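This report concerns only the one structure given below.
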Amino acid sequence: MSVFWVLMVDSLRLLRARALFWITLAISGLAALMYVSIGFTPTGMSLGFGAAEIKSEVLRAGAPAVELFYLGMFNKLIVGIWLSWVAIGLALISCAPVFPDFMAEGSIGIPLSKPVPRLVLFLYKYLGALLFVVAQVGLFCVLVFFAVRWRVGTWNPSVFWAVPLVTLVFSYLYSVVVLVAVRTRSVLAAILAGVLVWFVSWVGQKGEEVLYQLAYVGAPHGMAAGAGDADLQRWHRSSVALMAFLPKTGETVNLLDRCVVVGGKAGLSNGRLVAQVFGDRANGGEEVDRAMSRHSPWYVIGTSLGFEAVMLGLAAWRFCRRDF
Amino acid sequence: MNAAISVEYLRKVYRGGFEALAGISLEVPRGSVFGLLGPNGAGKSTLVKSLLTILRPTACRGELLGEPIGHRATLGKVGYLPEHAAFPGYLTGAQVVEFSAGLAKVPRAAAKRRTAECLERVGMAAWAGKRVATYSKGMKQRVGLAQALVNDPELVFLDEPTDGVDPEGRYAIRRLIESMRAEGKTVFVNSHLLAEVEQMADEVAILAKGRIVARGKVAELTRQGHRYEIRTQGPVPLSLREAFAAKGWETAGDRVAVEAPNAAAVQPAIDALRAADVVIRGVTESRRSLEELFLDAVGANGNLNGKGGAA
């Protein structure tokens with residue numbers, strides 16, 4: 001029996017035993033059901049499996065905007081809010097005790113007395129916790145995959161990109177949780193540290209995004225600053241440099257826009273989505289798309305994984321060196 | 001190589017400067033039951049954890065099953081039941097044992113078979129499918145023993161194996177340890193329950209304040225205090241007391257105690273008493289118990305009731 005398999009099976013058993021896992025799964029199922037309940041009729045859009053109908057020329061069966069709208073809802077609402085905020089938050093709370101429990105007196109002695117290097121134990125235990133998110137998002141995406149086929153009429157496997165992307169976001173934050181948990185063995189301290197890094201990273205990304213808009217795109221809502229402002233560009237470069245050391249949680253999830261296939265082409269245009277749904281009010285859609293894709297996926301994931309590697313490296317070093 | 005454990009030098013100083021093990025040396029023969037005794041905080045668990053790499057010794061030279069201490073692959077031939085063993089409540093007894101087998105790299109089919117055998121052996125077969133959270137303390141300890149045996153180890157460390165177990169359970173654990181010895185396994189038992197260790201250990205070592213203060217075969221150690229006690233009808237005459245005291249014999253009231261390895265050495269005392277017309281009511285032979293030995297050894301090191309430090 002391989003050690004990897006043994007620890008993964010143990011992690012699955014641990015997840016199964018956690019009430020929060022089932023609660024999150026149930027809410028995810030509910031969200032997926034609500035998503036599936038949205039359909040399109042010849043005259044508009046139906047909700048609650050036809051319980052209510054909104055008449056629309058744009059969003060009706062066979063209309064070109066339907067696929068974009070349906071996938072846009074998946075990207076922006078389901079993944080963008082539910083999976084990347086609420087589900088990840090619940091996963092952090094649920095998985096935070098994994099290492100403190102593992103390292104508890106009377107518990108850690110048996111694994112450490114086996115012919116398995118400590119580093120291997122640490123890494124497999126870490127990977128095992130990621131199963132929480134993989135299972136949640138994976139099951140959700142399966143439902144969405146069939147929903148898209150039913151409602152839009154296309155098989156769209158690109159929705160499964162949400163699984164690695166959301167898992168990546170969770171892994172960035174979970175590395176912080178693990179580091180603090182290994183250092184302090186305190187579940188509360190670990191959760192607080194994870195949430196703090198999440199918040200700082202979110203503020204940093206938003207700040208950098210706003211600075212980008214002001215410096216390169218133009219001031220929204222009639223603000224004074226304009227494109228090409230040297231000071232703003234310098235500020236923006238500083239914010240990028242600062243953010244290089246932090247995980248890009250939001251930007252990683254936003255990469256889903258570039259991965260999802262709409263109309264046979266990879267890439268979900270935020271500008272086009274807003275324009276098709278809201279018509280003329282959606283001026284500047286291209287700028288939004290340009291701002292959203294200002295960083296390459298390599299930069300977004302690479303620097304975030306760099307952060308995760310540092311956190312995990314410190315945690316692993318501590319785990320391997322300490323006395324139990 | 002006849003020693004299952006051969007520690008040439010082992011020292012552990014915790015952060016903050018507390019010396020838990022003060023450079024001990026120790027040898028445990030293969031196929032024997034070895035008892036490590038000591039008061040709480042003497043360093044018993046620190047010693048076992050150091051041998052199993054659970055904590056990092058400050059200095060360590062020695063071998064475990066013929067390989068240097070810390071050699072990871074060797075740990076595959078070792079079983080371990082920690083003190084206050086805690087298993088996740090969501091696992092069943094069988095899953096706990098299978099988990100241990102998996103980490104010890106026992107092949108899957110063998111792990112399944114061994115799990116069933118070991119649970120049967122510790123009397124937990126009927127509870128194998130029940131969650132650990134529903135077990136009593138004694139049942140958890142039995143499952144702990146099963147997981148320690150699942151890889152068919154050559155050397156088994158049991159840290160306070162009867163802690164919290166009822167008398168019936170203790171008896172069963174003693175029988176289990178004896179059966180392990182019969183199979184040729186080496187069993188290293190950490191305990192502060194002297195009577196139990198005395199019953200099952202071939203050799204013991206007494207640890208106090210991080211130092212081994214006595215060691216040897218139980219019979220040899222207890223023989224050191226071998227004595228004969230003569231009871232007389234009425235008090236021992238004063239005329240004899242001085243002469244007895246000069247020979248190192250203790251006299252008190254109607255008793256004369258003679259420390260001697262055999263009965264021949266006590267005959268002169270009997271002769272002297274009879275010559276003085278003293279009626280002898282009886283002569284009894286007594287050995288020091290392990291408890292007396294322990295109290296002497298530990299008390300001499302100023303560790304009795306003293307919390308020497310980390311266990």
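By convention in this document, the chains of the structure tokens carry letters A, B, ... by their order, each chain's residues are numbered from 1, and ligands are numbered from 1 in the order they are shown.
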Item to check | Close residues, Leu127 (chain A) itself excluded, 12 Å, only C-alpha atoms, min 4 positions apart in chain, as a PyMOL selection string | outcome: chain A and resi 4-5+7-12+95+98-99+120-123+131-134+167-168+170-171+174-175+178+312
Next on the checklist: Please find the residues of chain A near chain B - the criterion being any atom within 8 Å, counting only C-alpha atoms - and write them as a PyMOL selection string.
Outcome noted: chain A and resi 1-3+6+10+13-14+17+105-107+109-117+321-324
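Interatomic distance, CA of Gly38 (chain B) against CA of His192 (chain B): 5.9 Å.
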Checklist entry - Of the candidates B:Leu65, B:Ala208, B:Ala275, B:Leu149, which shows the shortest atom-to-atom distance to Val122 (chain B), using only C-alpha atoms? => result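 Using only C-alpha atoms, Val122 (chain B) sits closest to B:Leu149.
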Next on the checklist: Let's see if you can do this: from backbone DSSP, list all helix (DSSP H, G or I) residues in region 85-246 of chain A, as a VMD selection string.
Outcome noted: chain A and resid 85 to 95 98 to 102 109 to 112 118 to 152 157 to 184 187 to 217 220 to 222 230 to 243
Please write the residues from the selection above to a file, keeping C-alpha atoms, as a short mmCIF file (atom, residue, chain, number, x, y, z; two decimals), in the first residue's frame.
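Saved as again31.cif:
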```cif
data_model
loop_
_atom_site.label_atom_id
_atom_site.label_comp_id
_atom_site.auth_asym_id
_atom_site.auth_seq_id
_atom_site.Cartn_x
_atom_site.Cartn_y
_atom_site.Cartn_z
CA TRP A 85 -15.18 33.30 -1.41
CA VAL A 86 -17.73 31.36 0.61
CA ALA A 87 -16.65 27.81 -0.23
CA ILE A 88 -12.97 28.64 0.20
CA GLY A 89 -13.69 30.35 3.51
CA LEU A 90 -15.56 27.31 4.75
CA ALA A 91 -12.80 25.05 3.47
CA LEU A 92 -10.19 27.07 5.39
CA ILE A 93 -12.21 26.75 8.58
CA SER A 94 -12.77 23.06 7.98
CA CYS A 95 -9.18 22.21 7.09
CA VAL A 98 -5.92 19.12 10.08
CA PHE A 99 -2.32 19.86 11.10
CA PRO A 100 -2.93 20.70 14.77
CA ASP A 101 -4.87 17.42 15.10
CA PHE A 102 -2.19 15.51 13.25
CA GLY A 109 4.07 9.55 17.39
CA ILE A 110 2.78 6.69 15.27
CA PRO A 111 3.28 8.30 11.82
CA LEU A 112 6.68 9.67 12.80
CA ARG A 118 8.75 13.67 7.68
CA LEU A 119 8.75 15.82 4.56
CA VAL A 120 6.70 13.21 2.71
CA LEU A 121 4.21 13.01 5.58
CA PHE A 122 3.92 16.78 5.60
CA LEU A 123 3.40 17.18 1.87
CA TYR A 124 0.89 14.35 1.56
CA LYS A 125 -1.06 15.67 4.51
CA TYR A 126 -1.13 19.08 2.85
CA LEU A 127 -2.25 17.63 -0.47
CA GLY A 128 -4.90 15.63 1.35
CA ALA A 129 -6.46 18.79 2.71
CA LEU A 130 -6.70 20.19 -0.83
CA LEU A 131 -9.08 17.34 -1.57
CA PHE A 132 -11.71 19.30 0.32
CA VAL A 133 -11.80 21.91 -2.41
CA VAL A 134 -11.14 19.53 -5.29
CA ALA A 135 -14.13 17.43 -4.23
CA GLN A 136 -16.41 20.40 -3.71
CA VAL A 137 -15.57 22.24 -6.91
CA GLY A 138 -15.29 19.04 -8.93
CA LEU A 139 -18.78 17.87 -8.02
CA PHE A 140 -20.12 21.32 -8.66
CA CYS A 141 -18.53 21.51 -12.09
CA VAL A 142 -19.98 18.14 -13.07
CA LEU A 143 -23.46 19.53 -12.37
CA VAL A 144 -22.65 22.71 -14.27
CA PHE A 145 -21.26 20.69 -17.18
CA PHE A 146 -24.58 18.89 -17.61
CA ALA A 147 -26.55 22.08 -16.96
CA VAL A 148 -24.75 23.86 -19.80
CA ARG A 149 -25.51 20.95 -22.11
CA TRP A 150 -29.17 21.01 -21.14
CA ARG A 151 -29.72 24.76 -21.21
CA VAL A 152 -27.34 25.91 -23.93
CA PRO A 157 -15.60 20.77 -20.68
CA SER A 158 -13.82 24.11 -20.22
CA VAL A 159 -15.97 24.74 -17.13
CA PHE A 160 -13.73 22.21 -15.37
CA TRP A 161 -10.94 24.81 -15.39
CA ALA A 162 -12.65 26.08 -12.25
CA VAL A 163 -11.37 23.02 -10.36
CA PRO A 164 -7.64 23.72 -10.61
CA LEU A 165 -8.07 27.49 -10.38
CA VAL A 166 -10.20 27.52 -7.23
CA THR A 167 -7.99 24.81 -5.72
CA LEU A 168 -4.96 26.96 -6.45
CA VAL A 169 -6.50 29.90 -4.63
CA PHE A 170 -7.28 27.70 -1.67
CA SER A 171 -3.77 26.27 -1.69
CA TYR A 172 -2.17 29.76 -1.53
CA LEU A 173 -4.18 30.60 1.58
CA TYR A 174 -3.97 27.16 3.10
CA SER A 175 -0.16 27.33 2.99
CA VAL A 176 -0.37 30.28 5.40
CA VAL A 177 -2.81 28.40 7.61
CA VAL A 178 -0.46 25.40 7.68
CA LEU A 179 2.59 27.52 8.49
CA VAL A 180 0.88 29.13 11.48
CA ALA A 181 -0.68 25.83 12.55
CA VAL A 182 2.68 24.06 12.52
CA ARG A 183 4.27 26.93 14.41
CA THR A 184 1.58 27.46 17.04
CA VAL A 187 -6.48 26.44 14.94
CA LEU A 188 -7.77 29.92 15.65
CA ALA A 189 -4.42 31.60 15.04
CA ALA A 190 -4.08 29.65 11.79
CA ILE A 191 -7.51 30.70 10.52
CA LEU A 192 -6.93 34.33 11.46
CA ALA A 193 -3.57 34.37 9.69
CA GLY A 194 -5.12 32.86 6.56
CA VAL A 195 -7.95 35.37 6.54
CA LEU A 196 -5.54 38.25 7.13
CA VAL A 197 -3.37 37.28 4.17
CA TRP A 198 -6.50 36.81 2.07
CA PHE A 199 -7.73 40.29 2.99
CA VAL A 200 -4.34 41.97 2.43
CA SER A 201 -3.98 40.22 -0.89
CA TRP A 202 -7.47 41.27 -1.97
CA VAL A 203 -6.86 44.91 -0.98
CA GLY A 204 -3.51 44.83 -2.77
CA GLN A 205 -5.03 43.43 -5.96
CA LYS A 206 -7.88 45.91 -5.94
CA GLY A 207 -5.46 48.77 -5.31
CA GLU A 208 -3.21 47.66 -8.14
CA GLU A 209 -6.21 47.24 -10.44
CA VAL A 210 -7.51 50.74 -9.69
CA LEU A 211 -4.05 52.22 -10.21
CA TYR A 212 -3.82 50.39 -13.54
CA GLN A 213 -7.17 51.77 -14.63
CA LEU A 214 -6.20 55.30 -13.65
CA ALA A 215 -2.76 55.14 -15.15
CA TYR A 216 -3.40 53.32 -18.41
CA VAL A 217 -7.10 53.18 -19.14
CA PRO A 220 -13.76 56.02 -14.34
CA HIS A 221 -16.79 58.06 -13.39
CA GLY A 222 -15.17 61.33 -14.45
CA ALA A 230 3.66 59.37 -15.14
CA ASP A 231 3.12 59.55 -11.40
CA LEU A 232 0.25 57.12 -11.54
CA GLN A 233 2.22 54.76 -13.70
CA ARG A 234 5.06 54.90 -11.19
CA TRP A 235 2.59 54.20 -8.40
CA HIS A 236 1.18 51.35 -10.38
CA ARG A 237 4.62 49.84 -10.95
CA SER A 238 5.26 50.07 -7.21
CA SER A 239 2.00 48.31 -6.47
CA VAL A 240 2.85 45.57 -8.96
CA ALA A 241 6.25 45.12 -7.32
CA LEU A 242 4.60 44.90 -3.92
CA MET A 243 1.96 42.48 -5.09
#
```
Checklist entry - When DSSP works through the backbone of this structure, what residues of region 63-248 of chain B end up as strand (DSSP E), shown as JSON, numbers by chain? => result {"B": [63, 64, 67, 68, 78, 79, 80, 81, 155, 156, 157, 158, 159, 186, 187, 188, 189, 190, 191, 203, 204, 205, 206, 207, 208, 211, 212, 213, 214, 215, 216, 217, 227, 228, 229, 230, 231, 232]}
Next on the checklist: At a cut-off of 10 Å, using only C-alpha atoms, what residues contact Tyr135 (chain B)? Leave out same-chain residues fewer than 5 positions from it and give the result as a PyMOL selection string.
Outcome noted: chain B and resi 89+92-93+127+130+140-141+143
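Closest to Pro297 (chain A) among A:Ile54, A:Ala32, A:Ala96, A:Cys259 is A:Cys259, based on only C-alpha atoms.
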Next on the checklist: One number please: CA of Leu255 (chain A) to CA of Val288 (chain A), in Å, one decimal.
Outcome noted: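 Those two atoms sit 13.9 Å apart.
Here CA of Ala146 (chain B) is placed at a distance of 7.7 Å from CA of Arg121 (chain B).
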Can you pull out every residue within 12 Å of Val278 (chain B), counting only C-alpha atoms, but drop anything in the same chain fewer than 5 positions away, and send it as a PDB file with all heavy atoms, in the first residue's frame?
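Output file selection_31.pdb is given in full below:
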```pdb
ATOM      1  N   ILE B 230      15.052 -14.147  61.340  1.00  0.00           N
ATOM      2  CA  ILE B 230      14.852 -15.148  62.400  1.00  0.00           C
ATOM      3  C   ILE B 230      13.936 -14.519  63.442  1.00  0.00           C
ATOM      4  O   ILE B 230      14.197 -13.410  63.905  1.00  0.00           O
ATOM      5  CB  ILE B 230      16.193 -15.532  63.049  1.00  0.00           C
ATOM      6  CG1 ILE B 230      17.188 -15.994  61.973  1.00  0.00           C
ATOM      7  CG2 ILE B 230      16.001 -16.612  64.117  1.00  0.00           C
ATOM      8  CD1 ILE B 230      18.629 -16.072  62.453  1.00  0.00           C
ATOM      9  N   ARG B 231      12.851 -15.217  63.755  1.00  0.00           N
ATOM     10  CA  ARG B 231      11.929 -14.727  64.798  1.00  0.00           C
ATOM     11  C   ARG B 231      12.143 -15.551  66.069  1.00  0.00           C
ATOM     12  O   ARG B 231      12.172 -16.781  66.016  1.00  0.00           O
ATOM     13  CB  ARG B 231      10.470 -14.857  64.346  1.00  0.00           C
ATOM     14  CG  ARG B 231      10.166 -14.173  63.026  1.00  0.00           C
ATOM     15  CD  ARG B 231      10.352 -12.683  63.123  1.00  0.00           C
ATOM     16  NE  ARG B 231       9.370 -12.048  63.973  1.00  0.00           N
ATOM     17  CZ  ARG B 231       8.214 -11.517  63.528  1.00  0.00           C
ATOM     18  NH1 ARG B 231       7.926 -11.549  62.235  1.00  0.00           N
ATOM     19  NH2 ARG B 231       7.372 -10.950  64.369  1.00  0.00           N
ATOM     20  N   THR B 232      12.291 -14.876  67.197  1.00  0.00           N
ATOM     21  CA  THR B 232      12.561 -15.572  68.466  1.00  0.00           C
ATOM     22  C   THR B 232      11.368 -15.468  69.407  1.00  0.00           C
ATOM     23  O   THR B 232      10.498 -14.612  69.230  1.00  0.00           O
ATOM     24  CB  THR B 232      13.794 -14.955  69.156  1.00  0.00           C
ATOM     25  OG1 THR B 232      13.519 -13.572  69.403  1.00  0.00           O
ATOM     26  CG2 THR B 232      15.036 -15.092  68.305  1.00  0.00           C
ATOM     27  N   GLN B 233      11.373 -16.382  70.382  1.00  0.00           N
ATOM     28  CA  GLN B 233      10.349 -16.334  71.435  1.00  0.00           C
ATOM     29  C   GLN B 233      10.837 -15.298  72.448  1.00  0.00           C
ATOM     30  O   GLN B 233      11.812 -15.525  73.145  1.00  0.00           O
ATOM     31  CB  GLN B 233      10.247 -17.719  72.093  1.00  0.00           C
ATOM     32  CG  GLN B 233       9.123 -17.872  73.095  1.00  0.00           C
ATOM     33  CD  GLN B 233       7.822 -18.229  72.386  1.00  0.00           C
ATOM     34  OE1 GLN B 233       7.810 -19.169  71.596  1.00  0.00           O
ATOM     35  NE2 GLN B 233       6.794 -17.480  72.645  1.00  0.00           N
ATOM     36  N   GLY B 234      10.251 -14.161  72.468  1.00  0.00           N
ATOM     37  CA  GLY B 234      10.727 -13.086  73.341  1.00  0.00           C
ATOM     38  C   GLY B 234      11.847 -12.317  72.673  1.00  0.00           C
ATOM     39  O   GLY B 234      12.348 -12.726  71.620  1.00  0.00           O
ATOM     40  N   PRO B 235      12.247 -11.200  73.271  1.00  0.00           N
ATOM     41  CA  PRO B 235      13.265 -10.362  72.639  1.00  0.00           C
ATOM     42  C   PRO B 235      14.637 -11.030  72.617  1.00  0.00           C
ATOM     43  O   PRO B 235      14.939 -11.878  73.468  1.00  0.00           O
ATOM     44  CB  PRO B 235      13.280  -9.108  73.512  1.00  0.00           C
ATOM     45  CG  PRO B 235      12.626  -9.467  74.786  1.00  0.00           C
ATOM     46  CD  PRO B 235      11.739 -10.632  74.534  1.00  0.00           C
ATOM     47  N   VAL B 236      15.413 -10.620  71.662  1.00  0.00           N
ATOM     48  CA  VAL B 236      16.777 -11.136  71.542  1.00  0.00           C
ATOM     49  C   VAL B 236      17.578 -10.605  72.739  1.00  0.00           C
ATOM     50  O   VAL B 236      17.538  -9.396  73.018  1.00  0.00           O
ATOM     51  CB  VAL B 236      17.421 -10.659  70.216  1.00  0.00           C
ATOM     52  CG1 VAL B 236      18.871 -11.107  70.119  1.00  0.00           C
ATOM     53  CG2 VAL B 236      16.609 -11.164  69.038  1.00  0.00           C
ATOM     54  N   PRO B 237      18.281 -11.475  73.453  1.00  0.00           N
ATOM     55  CA  PRO B 237      19.030 -11.016  74.639  1.00  0.00           C
ATOM     56  C   PRO B 237      20.020  -9.913  74.290  1.00  0.00           C
ATOM     57  O   PRO B 237      20.638  -9.930  73.227  1.00  0.00           O
ATOM     58  CB  PRO B 237      19.764 -12.270  75.107  1.00  0.00           C
ATOM     59  CG  PRO B 237      19.012 -13.400  74.506  1.00  0.00           C
ATOM     60  CD  PRO B 237      18.435 -12.922  73.229  1.00  0.00           C
ATOM     61  N   LEU B 238      20.159  -8.956  75.217  1.00  0.00           N
ATOM     62  CA  LEU B 238      21.052  -7.818  74.977  1.00  0.00           C
ATOM     63  C   LEU B 238      22.495  -8.283  74.764  1.00  0.00           C
ATOM     64  O   LEU B 238      23.244  -7.690  73.996  1.00  0.00           O
ATOM     65  CB  LEU B 238      20.993  -6.855  76.166  1.00  0.00           C
ATOM     66  CG  LEU B 238      19.724  -6.005  76.248  1.00  0.00           C
ATOM     67  CD1 LEU B 238      19.684  -5.242  77.563  1.00  0.00           C
ATOM     68  CD2 LEU B 238      19.655  -5.036  75.082  1.00  0.00           C
ATOM     69  N   SER B 239      22.824  -9.401  75.466  1.00  0.00           N
ATOM     70  CA  SER B 239      24.209  -9.890  75.360  1.00  0.00           C
ATOM     71  C   SER B 239      24.554 -10.277  73.911  1.00  0.00           C
ATOM     72  O   SER B 239      25.709 -10.201  73.498  1.00  0.00           O
ATOM     73  CB  SER B 239      24.393 -11.093  76.266  1.00  0.00           C
ATOM     74  OG  SER B 239      23.413 -12.069  75.948  1.00  0.00           O
ATOM     75  N   LEU B 240      23.567 -10.676  73.175  1.00  0.00           N
ATOM     76  CA  LEU B 240      23.833 -11.086  71.781  1.00  0.00           C
ATOM     77  C   LEU B 240      23.762  -9.907  70.789  1.00  0.00           C
ATOM     78  O   LEU B 240      24.352  -9.949  69.725  1.00  0.00           O
ATOM     79  CB  LEU B 240      22.800 -12.135  71.335  1.00  0.00           C
ATOM     80  CG  LEU B 240      22.922 -13.531  71.961  1.00  0.00           C
ATOM     81  CD1 LEU B 240      21.794 -14.420  71.472  1.00  0.00           C
ATOM     82  CD2 LEU B 240      24.263 -14.168  71.605  1.00  0.00           C
ATOM     83  N   ASP B 254      12.116  -9.009  68.659  1.00  0.00           N
ATOM     84  CA  ASP B 254      12.253 -10.469  68.575  1.00  0.00           C
ATOM     85  C   ASP B 254      12.720 -10.897  67.185  1.00  0.00           C
ATOM     86  O   ASP B 254      12.462 -12.004  66.748  1.00  0.00           O
ATOM     87  CB  ASP B 254      10.913 -11.125  68.922  1.00  0.00           C
ATOM     88  CG  ASP B 254       9.825 -10.756  67.926  1.00  0.00           C
ATOM     89  OD1 ASP B 254      10.062  -9.820  67.113  1.00  0.00           O
ATOM     90  OD2 ASP B 254       8.759 -11.386  67.941  1.00  0.00           O
ATOM     91  N   ARG B 255      13.381  -9.973  66.460  1.00  0.00           N
ATOM     92  CA  ARG B 255      13.797 -10.311  65.095  1.00  0.00           C
ATOM     93  C   ARG B 255      15.287 -10.089  64.878  1.00  0.00           C
ATOM     94  O   ARG B 255      15.846  -9.088  65.331  1.00  0.00           O
ATOM     95  CB  ARG B 255      13.047  -9.443  64.083  1.00  0.00           C
ATOM     96  CG  ARG B 255      11.627  -9.927  63.852  1.00  0.00           C
ATOM     97  CD  ARG B 255      11.011  -9.137  62.753  1.00  0.00           C
ATOM     98  NE  ARG B 255      11.133  -7.690  62.991  1.00  0.00           N
ATOM     99  CZ  ARG B 255      10.572  -6.779  62.228  1.00  0.00           C
ATOM    100  NH1 ARG B 255       9.878  -7.140  61.196  1.00  0.00           N
ATOM    101  NH2 ARG B 255      10.712  -5.514  62.522  1.00  0.00           N
ATOM    102  N   ALA B 269      24.088 -17.456  63.130  1.00  0.00           N
ATOM    103  CA  ALA B 269      23.155 -16.668  63.935  1.00  0.00           C
ATOM    104  C   ALA B 269      22.223 -17.603  64.707  1.00  0.00           C
ATOM    105  O   ALA B 269      21.962 -17.403  65.901  1.00  0.00           O
ATOM    106  CB  ALA B 269      22.355 -15.726  63.049  1.00  0.00           C
ATOM    107  N   ILE B 270      21.779 -18.647  64.026  1.00  0.00           N
ATOM    108  CA  ILE B 270      20.897 -19.622  64.675  1.00  0.00           C
ATOM    109  C   ILE B 270      21.655 -20.324  65.817  1.00  0.00           C
ATOM    110  O   ILE B 270      21.132 -20.483  66.931  1.00  0.00           O
ATOM    111  CB  ILE B 270      20.366 -20.646  63.639  1.00  0.00           C
ATOM    112  CG1 ILE B 270      19.486 -19.928  62.603  1.00  0.00           C
ATOM    113  CG2 ILE B 270      19.590 -21.780  64.319  1.00  0.00           C
ATOM    114  CD1 ILE B 270      19.101 -20.794  61.417  1.00  0.00           C
ATOM    115  N   ASP B 271      22.900 -20.703  65.511  1.00  0.00           N
ATOM    116  CA  ASP B 271      23.710 -21.377  66.534  1.00  0.00           C
ATOM    117  C   ASP B 271      23.894 -20.485  67.763  1.00  0.00           C
ATOM    118  O   ASP B 271      23.757 -20.950  68.902  1.00  0.00           O
ATOM    119  CB  ASP B 271      25.099 -21.729  65.963  1.00  0.00           C
ATOM    120  CG  ASP B 271      25.000 -22.804  64.882  1.00  0.00           C
ATOM    121  OD1 ASP B 271      23.926 -23.462  64.805  1.00  0.00           O
ATOM    122  OD2 ASP B 271      25.952 -22.956  64.102  1.00  0.00           O
ATOM    123  N   ALA B 272      24.190 -19.225  67.542  1.00  0.00           N
ATOM    124  CA  ALA B 272      24.420 -18.296  68.653  1.00  0.00           C
ATOM    125  C   ALA B 272      23.154 -18.153  69.494  1.00  0.00           C
ATOM    126  O   ALA B 272      23.212 -18.137  70.727  1.00  0.00           O
ATOM    127  CB  ALA B 272      24.880 -16.945  68.123  1.00  0.00           C
ATOM    128  N   LEU B 273      22.024 -18.081  68.839  1.00  0.00           N
ATOM    129  CA  LEU B 273      20.752 -17.946  69.555  1.00  0.00           C
ATOM    130  C   LEU B 273      20.453 -19.207  70.373  1.00  0.00           C
ATOM    131  O   LEU B 273      20.040 -19.145  71.532  1.00  0.00           O
ATOM    132  CB  LEU B 273      19.616 -17.672  68.558  1.00  0.00           C
ATOM    133  CG  LEU B 273      19.594 -16.274  67.932  1.00  0.00           C
ATOM    134  CD1 LEU B 273      18.659 -16.236  66.736  1.00  0.00           C
ATOM    135  CD2 LEU B 273      19.162 -15.226  68.964  1.00  0.00           C
TER     136      LEU B 273
END
```
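For the set B:Val150, B:Ala205, B:Arg181, B:Cys60, the residue with the smallest atom-to-atom gap to Glu117 (chain B) is B:Val150, counting only C-alpha atoms.
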Next on the checklist: If we count only C-alpha atoms and set the cut-off at 12 Å, which residues sit around Phe34 (chain B), ignoring sequence neighbours fewer than 2 positions away in its own chain? Please answer as number ranges by chain.
Outcome noted: B: 3-5, 26-32, 36-37, 155-159, 177-178, 181, 185-191, 196-206, 215-218
